[in-house]
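Notes follow once the structure below has been shown.
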Amino acid sequence: MRQIHFISGLPRSGSTLLAGILRQNPRFHAEMSGPVGGVLLQAFRSMGGGNEFAGAISDAQKRRMLHGLVSGYYEEYPEAEVLFDTNRVWCLQ
């Protein structure tokens with residue numbers, strides 16, 4: 001599996017600038033503000049205690065499903081050796 005790094009920062013902290021600089025390297029793919037964080041957060045919440053089926057999903061299954069969301073999204077960038085995803089949601093949990 002390729003390396004994926006998650007970048008998070010407060011507004012005006014320079015995370016967007018950092019992603020722009022990283023994108024200059026053809027080996028890297030850097031999202032300015034990717035959708036993966038929001039999608040993962042919603043999936044994680046839907047597998048939590050508030051869901052009537054939460055007891056039917058094991059921790060290993062949750063891990064595989066979340067991993068599948070990330071890897072499925074980044075299959076669109078097969079040329080990138082290292083992936084960077086910038087989103088403020090990475091600091092939430």
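Residues are referred to by chain and number: the chain letter is A, B, ... according to the order shown in the structure tokens, the number counts from 1 in that chain, and ligands are numbered separately from 1 in the order shown.
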
Might you pull out every residue within 8 Å of Leu66 in chain A, with only C-alpha atoms counted and same-chain residues fewer than 3 positions away left off, and present them as a PDB file with N, CA, C and O atoms, in the first residue's frame?
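Result went into selection.pdb, see below:
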ATOM      1  N   LEU A  40     -15.386   9.587   5.657  1.00  0.00           N
ATOM      2  CA  LEU A  40     -14.998   8.676   6.743  1.00  0.00           C
ATOM      3  C   LEU A  40     -15.713   9.010   8.044  1.00  0.00           C
ATOM      4  O   LEU A  40     -16.132   8.115   8.773  1.00  0.00           O
ATOM      5  N   ALA A  43     -19.241   7.727   7.820  1.00  0.00           N
ATOM      6  CA  ALA A  43     -19.253   6.261   7.888  1.00  0.00           C
ATOM      7  C   ALA A  43     -18.966   5.791   9.309  1.00  0.00           C
ATOM      8  O   ALA A  43     -19.630   4.879   9.819  1.00  0.00           O
ATOM      9  N   PHE A  44     -18.000   6.427   9.956  1.00  0.00           N
ATOM     10  CA  PHE A  44     -17.636   6.064  11.323  1.00  0.00           C
ATOM     11  C   PHE A  44     -18.822   6.289  12.261  1.00  0.00           C
ATOM     12  O   PHE A  44     -19.133   5.440  13.099  1.00  0.00           O
ATOM     13  N   LYS A  62     -15.194  -2.829  10.808  1.00  0.00           N
ATOM     14  CA  LYS A  62     -15.167  -1.364  10.713  1.00  0.00           C
ATOM     15  C   LYS A  62     -13.846  -0.893  10.110  1.00  0.00           C
ATOM     16  O   LYS A  62     -13.821  -0.045   9.221  1.00  0.00           O
ATOM     17  N   ARG A  63     -12.766  -1.448  10.593  1.00  0.00           N
ATOM     18  CA  ARG A  63     -11.433  -1.076  10.106  1.00  0.00           C
ATOM     19  C   ARG A  63     -11.299  -1.360   8.612  1.00  0.00           C
ATOM     20  O   ARG A  63     -10.821  -0.530   7.847  1.00  0.00           O
ATOM     21  N   LEU A  69     -12.751   2.564   1.991  1.00  0.00           N
ATOM     22  CA  LEU A  69     -13.160   3.888   1.515  1.00  0.00           C
ATOM     23  C   LEU A  69     -11.956   4.714   1.094  1.00  0.00           C
ATOM     24  O   LEU A  69     -11.953   5.341   0.034  1.00  0.00           O
ATOM     25  N   VAL A  70     -10.916   4.710   1.925  1.00  0.00           N
ATOM     26  CA  VAL A  70      -9.716   5.500   1.623  1.00  0.00           C
ATOM     27  C   VAL A  70      -9.009   4.938   0.392  1.00  0.00           C
ATOM     28  O   VAL A  70      -8.696   5.674  -0.548  1.00  0.00           O
TER      29      VAL A  70
END

(request) Using only C-alpha atoms, determine which residues lie at most 9 Å from range 84-87 of chain A, disregarding the query and same-chain residues fewer than 3 positions distant; provide the list as a ChimeraX atom specification. (result) /A:3-9,15-16,19,22,28-38,90-91

(request) Could you pull out the residues in chain A that DSSP calls strand (DSSP E or B) from the backbone, as a ChimeraX atom specification? (result) /A:3-7,28-30,82-86

(message) Residues of chain A classed as helix (DSSP H, G or I) by DSSP on the backbone are to be reported as JSON, numbers by chain.
(response) {"A": [15, 16, 17, 18, 19, 20, 21, 22, 36, 37, 38, 39, 40, 41, 42, 43, 44, 45, 46, 54, 55, 56, 59, 60, 61, 62, 63, 64, 65, 66, 67, 68, 69, 70, 71, 72, 73, 74, 88, 89, 90, 91]}

(request) Please indicate the distance in Å from CA of Glu76 in chain A to CA of Pro26 in chain A, rounded to one decimal place. (result) 14.9 Å

(message) So, with only C-alpha atoms as the atoms that count, which of A:Glu81, A:Glu52, A:Asp59, A:Glu75 lies closest to Arg23 in chain A?
(response) A:Glu81

(message) What's the separation between CA of Gly48 in chain A and CA of Leu92 in chain A, in Å to one decimal place?
(response)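 Distance reported for this atom pair: 15.3 Å.
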